[in-house]
file input.cif (mmCIF, C-alpha atoms)
data_target
#
loop_
_atom_site.group_PDB
_atom_site.id
_atom_site.type_symbol
_atom_site.label_atom_id
_atom_site.label_comp_id
_atom_site.auth_asym_id
_atom_site.auth_seq_id
_atom_site.Cartn_x
_atom_site.Cartn_y
_atom_site.Cartn_z
ATOM 1 C CA MET A 1 32.880 61.990 235.888
ATOM 2 C CA LYS A 2 36.493 62.460 234.927
ATOM 3 C CA THR A 3 37.713 60.603 237.996
ATOM 4 C CA LYS A 4 35.762 57.439 237.170
ATOM 5 C CA ALA A 5 36.969 57.468 233.565
ATOM 6 C CA ALA A 6 40.567 57.940 234.688
ATOM 7 C CA PHE A 7 40.234 55.103 237.199
ATOM 8 C CA ARG A 8 38.806 52.773 234.535
ATOM 9 C CA SER A 9 41.642 53.677 232.185
ATOM 10 C CA VAL A 10 44.256 52.937 234.864
ATOM 11 C CA ALA A 11 42.569 49.640 235.746
ATOM 12 C CA ARG A 12 42.424 48.589 232.076
ATOM 13 C CA HIS A 13 46.090 49.450 231.583
ATOM 14 C CA PHE A 14 47.032 47.633 234.773
ATOM 15 C CA SER A 15 45.246 44.444 233.696
ATOM 16 C CA GLN A 16 47.139 44.544 230.378
ATOM 17 C CA VAL A 17 50.434 44.916 232.222
ATOM 18 C CA LEU A 18 49.570 41.979 234.479
ATOM 19 C CA ARG A 19 48.827 39.776 231.472
ATOM 20 C CA HIS A 20 52.324 40.433 230.126
ATOM 21 C CA LEU A 21 54.019 39.892 233.471
ATOM 22 C CA ARG A 22 52.295 36.652 234.463
ATOM 23 C CA PRO A 23 53.570 33.416 232.977
ATOM 24 C CA SER A 24 51.089 31.332 231.067
ATOM 25 C CA ARG A 25 48.971 28.906 233.076
ATOM 26 C CA ASN A 26 50.756 25.920 231.555
ATOM 27 C CA ALA A 27 54.239 27.092 232.454
ATOM 28 C CA SER A 28 55.732 26.133 235.766
ATOM 29 C CA ARG A 29 58.416 27.944 237.678
ATOM 30 C CA SER A 30 61.009 26.215 239.761
ATOM 31 C CA SER A 31 63.321 27.688 242.317
ATOM 32 C CA ALA A 32 65.351 24.575 242.959
ATOM 33 C CA PRO A 33 65.686 21.256 241.196
ATOM 34 C CA GLY A 34 62.693 19.125 242.017
ATOM 35 C CA THR A 35 60.651 22.024 243.509
ATOM 36 C CA VAL A 36 57.712 23.239 241.433
ATOM 37 C CA ILE A 37 55.815 26.441 242.299
ATOM 38 C CA SER A 38 52.166 26.604 241.350
ATOM 39 C CA PRO A 39 51.404 29.244 238.664
ATOM 40 C CA ALA A 40 48.195 30.293 240.450
ATOM 41 C CA GLY A 41 48.172 33.479 242.566
ATOM 42 C CA PHE A 42 49.873 36.865 242.438
ATOM 43 C CA THR A 43 53.454 37.812 243.091
ATOM 44 C CA LEU A 44 54.426 40.317 245.752
ATOM 45 C CA ILE A 45 55.351 42.869 243.076
ATOM 46 C CA GLU A 46 51.904 42.574 241.485
ATOM 47 C CA LEU A 47 50.203 43.131 244.837
ATOM 48 C CA LEU A 48 52.388 46.158 245.615
ATOM 49 C CA VAL A 49 51.597 47.675 242.210
ATOM 50 C CA VAL A 50 47.857 47.217 242.836
ATOM 51 C CA ILE A 51 48.107 48.843 246.270
ATOM 52 C CA PHE A 52 50.077 51.738 244.794
ATOM 53 C CA LEU A 53 47.494 52.302 242.038
ATOM 54 C CA ILE A 54 44.611 52.205 244.517
ATOM 55 C CA GLY A 55 46.401 54.806 246.643
ATOM 56 C CA LEU A 56 47.052 56.965 243.590
ATOM 57 C CA ALA A 57 43.414 56.773 242.481
ATOM 58 C CA SER A 58 42.103 57.610 245.964
ATOM 59 C CA ALA A 59 44.457 60.606 246.188
ATOM 60 C CA ALA A 60 43.132 61.862 242.840
ATOM 61 C CA VAL A 61 39.553 61.558 244.081
ATOM 62 C CA ILE A 62 40.291 63.421 247.306
ATOM 63 C CA LEU A 63 42.057 66.249 245.462
ATOM 64 C CA THR A 64 39.076 66.778 243.157
ATOM 65 C CA LEU A 65 36.601 67.246 246.024
ATOM 66 C CA PRO A 66 35.762 70.919 246.582
ATOM 67 C CA GLY A 67 36.565 72.365 249.994
ATOM 68 C CA GLN A 68 34.933 75.099 252.045
ATOM 69 C CA GLY A 69 37.115 77.674 250.288
ATOM 70 C CA ALA A 70 35.576 76.769 246.936
ATOM 71 C CA ALA A 71 32.067 77.043 248.392
ATOM 72 C CA LEU A 72 32.789 80.520 249.771
ATOM 73 C CA ARG A 73 34.290 81.650 246.470
ATOM 74 C CA GLU A 74 31.187 80.384 244.666
ATOM 75 C CA ASP A 75 28.890 82.233 247.116
ATOM 76 C CA ALA A 76 30.891 85.440 246.637
ATOM 77 C CA GLU A 77 30.877 85.147 242.827
ATOM 78 C CA ARG A 78 27.124 84.518 242.797
ATOM 79 C CA MET A 79 26.490 87.484 245.103
ATOM 80 C CA ALA A 80 28.699 89.837 243.037
ATOM 81 C CA ALA A 81 26.903 88.783 239.833
ATOM 82 C CA ARG A 82 23.492 89.404 241.421
ATOM 83 C CA ILE A 83 24.533 92.843 242.697
ATOM 84 C CA ALA A 84 25.752 93.755 239.181
ATOM 85 C CA ALA A 85 22.455 92.484 237.702
ATOM 86 C CA LEU A 86 20.508 94.609 240.228
ATOM 87 C CA ARG A 87 22.514 97.681 239.195
ATOM 88 C CA ASP A 88 21.654 96.999 235.539
ATOM 89 C CA GLU A 89 17.995 96.441 236.414
ATOM 90 C CA ALA A 90 17.887 99.823 238.207
ATOM 91 C CA VAL A 91 19.043 101.487 234.985
ATOM 92 C CA LEU A 92 16.666 99.490 232.753
ATOM 93 C CA GLU A 93 13.598 100.134 234.933
ATOM 94 C CA SER A 94 14.704 103.686 235.776
ATOM 95 C CA ARG A 95 13.923 103.226 239.466
ATOM 96 C CA PRO A 96 16.016 102.929 242.631
ATOM 97 C CA MET A 97 16.880 99.378 243.635
ATOM 98 C CA ALA A 98 18.693 98.199 246.735
ATOM 99 C CA VAL A 99 20.563 95.232 248.126
ATOM 100 C CA TRP A 100 20.567 94.622 251.882
ATOM 101 C CA PHE A 101 23.031 92.560 253.888
ATOM 102 C CA ARG A 102 22.375 90.798 257.177
ATOM 103 C CA PRO A 103 24.418 88.263 259.111
ATOM 104 C CA SER A 104 21.930 85.601 257.911
ATOM 105 C CA GLY A 105 22.068 86.494 254.195
ATOM 106 C CA TYR A 106 21.146 89.153 251.674
ATOM 107 C CA GLY A 107 18.195 90.252 249.563
ATOM 108 C CA PHE A 108 17.059 92.757 246.949
ATOM 109 C CA GLU A 109 14.431 95.498 247.001
ATOM 110 C CA GLN A 110 12.940 97.992 244.590
ATOM 111 C CA ARG A 111 11.315 101.340 245.247
ATOM 112 C CA ARG A 112 7.643 101.369 244.194
ATOM 113 C CA SER A 113 4.901 103.754 245.258
ATOM 114 C CA GLY A 114 7.144 105.414 247.834
ATOM 115 C CA GLN A 115 8.131 102.218 249.683
ATOM 116 C CA TRP A 116 10.733 99.470 249.472
ATOM 117 C CA LEU A 117 9.322 96.165 248.201
ATOM 118 C CA PRO A 118 11.068 92.858 247.445
ATOM 119 C CA ALA A 119 12.522 92.893 243.930
ATOM 120 C CA ALA A 120 10.715 90.752 241.383
ATOM 121 C CA GLY A 121 12.394 87.890 239.577
ATOM 122 C CA GLN A 122 14.142 84.626 240.368
ATOM 123 C CA SER A 123 17.582 86.294 240.233
ATOM 124 C CA PHE A 124 16.612 88.689 243.007
ATOM 125 C CA ARG A 125 15.245 86.300 245.604
ATOM 126 C CA GLN A 126 16.453 86.471 249.206
ATOM 127 C CA VAL A 127 19.493 84.277 249.889
ATOM 128 C CA ASN A 128 20.347 82.753 253.252
ATOM 129 C CA TRP A 129 23.999 81.860 253.752
ATOM 130 C CA THR A 130 25.048 78.230 253.545
ATOM 131 C CA ASN A 131 28.347 76.379 253.951
ATOM 132 C CA GLY A 132 29.168 78.374 257.086
ATOM 133 C CA THR A 133 29.440 81.631 255.098
ATOM 134 C CA GLN A 134 29.089 84.834 257.124
ATOM 135 C CA ILE A 135 29.539 88.541 256.558
ATOM 136 C CA ALA A 136 32.767 89.441 258.323
ATOM 137 C CA ALA A 137 32.478 93.188 257.789
ATOM 138 C CA VAL A 138 30.768 95.871 255.719
ATOM 139 C CA ASP A 139 33.124 98.784 255.061
ATOM 140 C CA GLY A 140 35.321 97.558 257.898
ATOM 141 C CA ASP A 141 32.501 97.601 260.472
ATOM 142 C CA THR A 142 31.958 94.150 262.005
ATOM 143 C CA ARG A 143 29.069 95.215 264.272
ATOM 144 C CA GLN A 144 26.399 96.171 261.741
ATOM 145 C CA LYS A 145 23.160 94.207 261.946
ATOM 146 C CA GLN A 146 21.755 95.210 258.532
ATOM 147 C CA THR A 147 23.083 97.432 255.782
ATOM 148 C CA ARG A 148 21.356 98.659 252.633
ATOM 149 C CA MET A 149 23.104 99.859 249.497
ATOM 150 C CA VAL A 150 20.909 101.677 246.962
ATOM 151 C CA PHE A 151 21.513 101.981 243.213
ATOM 152 C CA ASP A 152 19.839 105.027 241.674
ATOM 153 C CA GLN A 153 18.275 105.206 238.176
ATOM 154 C CA THR A 154 21.714 105.811 236.629
ATOM 155 C CA GLY A 155 23.285 102.743 238.252
ATOM 156 C CA LEU A 156 25.351 104.671 240.791
ATOM 157 C CA PRO A 157 25.436 103.333 244.360
ATOM 158 C CA SER A 158 24.476 105.420 247.385
ATOM 159 C CA ALA A 159 28.059 104.870 248.634
ATOM 160 C CA PRO A 160 30.989 102.613 247.734
ATOM 161 C CA VAL A 161 30.834 99.332 249.647
ATOM 162 C CA ASN A 162 33.500 96.850 250.691
ATOM 163 C CA LEU A 163 31.860 93.591 251.753
ATOM 164 C CA GLN A 164 33.963 90.864 253.398
ATOM 165 C CA LEU A 165 32.712 87.278 253.531
ATOM 166 C CA ARG A 166 34.306 84.421 255.435
ATOM 167 C CA ASN A 167 33.835 80.855 256.555
ATOM 168 C CA ASP A 168 36.038 78.503 258.580
ATOM 169 C CA GLU A 169 38.612 78.068 255.791
ATOM 170 C CA ALA A 170 38.524 81.085 253.488
ATOM 171 C CA PHE A 171 37.958 84.794 253.036
ATOM 172 C CA ALA A 172 36.461 86.714 250.063
ATOM 173 C CA GLU A 173 35.913 90.392 249.388
ATOM 174 C CA ILE A 174 33.341 92.083 247.133
ATOM 175 C CA ASN A 175 33.864 95.735 246.201
ATOM 176 C CA VAL A 176 31.284 98.110 244.753
ATOM 177 C CA SER A 177 33.001 101.276 243.567
ATOM 178 C CA ALA A 178 31.527 104.799 243.528
ATOM 179 C CA SER A 179 30.915 104.365 239.765
ATOM 180 C CA GLY A 180 28.881 101.191 240.372
ATOM 181 C CA ASP A 181 31.497 98.648 239.250
ATOM 182 C CA VAL A 182 31.165 95.356 241.123
ATOM 183 C CA SER A 183 34.323 93.288 241.539
ATOM 184 C CA LEU A 184 35.502 90.275 243.476
ATOM 185 C CA ALA A 185 38.934 90.751 245.032
ATOM 186 C CA LYS A 186 41.454 88.046 244.140
#
call {"tool": "encode", "arguments": {"input": "input.cif", "output": "structure tokens"}}
result
Amino acid sequence: MKTKAAFRSVARHFSQVLRHLRPSRNASRSSAPGTVISPAGFTLIELLVVIFLIGLASAAVILTLPGQGAALREDAERMAARIAALRDEAVLESRPMAVWFRPSGYGFEQRRSGQWLPAAGQSFRQVNWTNGTQIAAVDGDTRQKQTRMVFDQTGLPSAPVNLQLRNDEAFAEINVSASGDVSLAK
């Protein structure tokens, strides 16, 4: 991990700095004639520098942790990529294929023998939302229980779709245009 390597580098550098700042063990410091201070122990400045570096390292670790917004963005990117792959699969197999959306997740289907069956392949397995992700709206409608979008044999969708995902911290939008282009809004 980058954070551990950076922390080790800072600790190594800090120990080198301390070696230069500390007097040798044989030297003695005196503040007044006749008063000798023991060379053992750390000075206040050394302790403050250590506390500062620990705070700096912990701040770096906290900033590298992904938040809920990153998890939602990842869910949206994965979903957009799978929808685009389904569109391509509909063209390659020359058969209608569909993606359905529910509040609990989404899944993929293919038309075989006059009925809708689950699409084959690991990429097209049903996905249940995690990380608090929910569908906020499909084409602006927040009340829909389940929606299906069908790609025909040419890769064109049955209708353009605007899918809005959200969790407690973030919002993402996936658009499928009338020409079948799948994009993730910035």
call {"tool": "resolve_selection", "arguments": {"input": "input.cif", "expression": "the PyMOL selection byres ((chain A and resi 132) around 12)", "output": "list in words"}}
result
Gly67, Gln68, Gly69, Ala71, Leu72, Asp75, Pro103, Ser104, Gly105, Asn128, Trp129, Thr130, Asn131, Thr133, Gln134, Ile135, Ala136, Leu165, Arg166, Asn167, Asp168, Glu169, Ala170 and Phe171 of chain A
call {"tool": "write_last_selection", "arguments": {"input": "input.cif", "atoms": "C-alpha atoms", "output": "short mmCIF file (atom, residue, chain, number, x, y, z; two decimals), keeping the file's coordinate frame"}}
result
data_model
loop_
_atom_site.label_atom_id
_atom_site.label_comp_id
_atom_site.auth_asym_id
_atom_site.auth_seq_id
_atom_site.Cartn_x
_atom_site.Cartn_y
_atom_site.Cartn_z
CA GLY A 67 36.56 72.36 249.99
CA GLN A 68 34.93 75.10 252.04
CA GLY A 69 37.12 77.67 250.29
CA ALA A 71 32.07 77.04 248.39
CA LEU A 72 32.79 80.52 249.77
CA ASP A 75 28.89 82.23 247.12
CA PRO A 103 24.42 88.26 259.11
CA SER A 104 21.93 85.60 257.91
CA GLY A 105 22.07 86.49 254.20
CA ASN A 128 20.35 82.75 253.25
CA TRP A 129 24.00 81.86 253.75
CA THR A 130 25.05 78.23 253.54
CA ASN A 131 28.35 76.38 253.95
CA THR A 133 29.44 81.63 255.10
CA GLN A 134 29.09 84.83 257.12
CA ILE A 135 29.54 88.54 256.56
CA ALA A 136 32.77 89.44 258.32
CA LEU A 165 32.71 87.28 253.53
CA ARG A 166 34.31 84.42 255.44
CA ASN A 167 33.84 80.86 256.56
CA ASP A 168 36.04 78.50 258.58
CA GLU A 169 38.61 78.07 255.79
CA ALA A 170 38.52 81.08 253.49
CA PHE A 171 37.96 84.79 253.04
#
call {"tool": "atom_distance", "arguments": {"input": "input.cif", "atom1": "atom CA of Gln115 of chain A", "atom2": "atom CA of Ile174 of chain A"}}
result
27.3 Å
call {"tool": "resolve_selection", "arguments": {"input": "input.cif", "expression": "the PyMOL selection byres ((chain A and resi 85) around 12)", "output": "PDB file with C-alpha atoms, in the coordinates of the input"}}
result
ATOM      1  CA  ARG A  78      27.124  84.518 242.797  1.00  0.00           C
ATOM      2  CA  MET A  79      26.490  87.484 245.103  1.00  0.00           C
ATOM      3  CA  ALA A  80      28.699  89.837 243.037  1.00  0.00           C
ATOM      4  CA  ALA A  81      26.903  88.783 239.833  1.00  0.00           C
ATOM      5  CA  ARG A  82      23.492  89.404 241.421  1.00  0.00           C
ATOM      6  CA  ILE A  83      24.533  92.843 242.697  1.00  0.00           C
ATOM      7  CA  ALA A  84      25.752  93.755 239.181  1.00  0.00           C
ATOM      8  CA  LEU A  86      20.508  94.609 240.228  1.00  0.00           C
ATOM      9  CA  ARG A  87      22.514  97.681 239.195  1.00  0.00           C
ATOM     10  CA  ASP A  88      21.654  96.999 235.539  1.00  0.00           C
ATOM     11  CA  GLU A  89      17.995  96.441 236.414  1.00  0.00           C
ATOM     12  CA  ALA A  90      17.887  99.823 238.207  1.00  0.00           C
ATOM     13  CA  VAL A  91      19.043 101.487 234.985  1.00  0.00           C
ATOM     14  CA  LEU A  92      16.666  99.490 232.753  1.00  0.00           C
ATOM     15  CA  MET A  97      16.880  99.378 243.635  1.00  0.00           C
ATOM     16  CA  ALA A  98      18.693  98.199 246.735  1.00  0.00           C
ATOM     17  CA  VAL A  99      20.563  95.232 248.126  1.00  0.00           C
ATOM     18  CA  PHE A 108      17.059  92.757 246.949  1.00  0.00           C
ATOM     19  CA  ALA A 119      12.522  92.893 243.930  1.00  0.00           C
ATOM     20  CA  GLY A 121      12.394  87.890 239.577  1.00  0.00           C
ATOM     21  CA  GLN A 122      14.142  84.626 240.368  1.00  0.00           C
ATOM     22  CA  SER A 123      17.582  86.294 240.233  1.00  0.00           C
ATOM     23  CA  PHE A 124      16.612  88.689 243.007  1.00  0.00           C
ATOM     24  CA  PHE A 151      21.513 101.981 243.213  1.00  0.00           C
ATOM     25  CA  GLY A 155      23.285 102.743 238.252  1.00  0.00           C
ATOM     26  CA  GLY A 180      28.881 101.191 240.372  1.00  0.00           C
ATOM     27  CA  ASP A 181      31.497  98.648 239.250  1.00  0.00           C
ATOM     28  CA  VAL A 182      31.165  95.356 241.123  1.00  0.00           C
TER      29      VAL A 182
END
call {"tool": "resolve_selection", "arguments": {"input": "input.cif", "expression": "the PyMOL selection byres ((chain A and resi 95) around 8)", "output": "PyMOL selection string"}}
result
chain A and resi 90-91+93-94+96-97+110-111+152-153
call {"tool": "atom_distance", "arguments": {"input": "input.cif", "atom1": "atom CA of Trp116 of chain A", "atom2": "atom CA of Arg73 of chain A"}}
result
29.7 Å
call {"tool": "closest_residue", "arguments": {"input": "input.cif", "among": "A:Leu163, A:Gln146, A:Gly107, A:Ser15", "to": "Val50 of chain A", "atoms": "only C-alpha atoms"}}
result
A:Ser15
call {"tool": "closest_residue", "arguments": {"input": "input.cif", "among": "A:Ala40, A:Leu156, A:Ile54, A:Ala76", "to": "Arg8 of chain A", "atoms": "all atoms listed in the file"}}
result
A:Ile54
call {"tool": "atom_distance", "arguments": {"input": "input.cif", "atom1": "atom CA of Asn175 of chain A", "atom2": "atom CA of Val138 of chain A"}}
result
10.0 Å
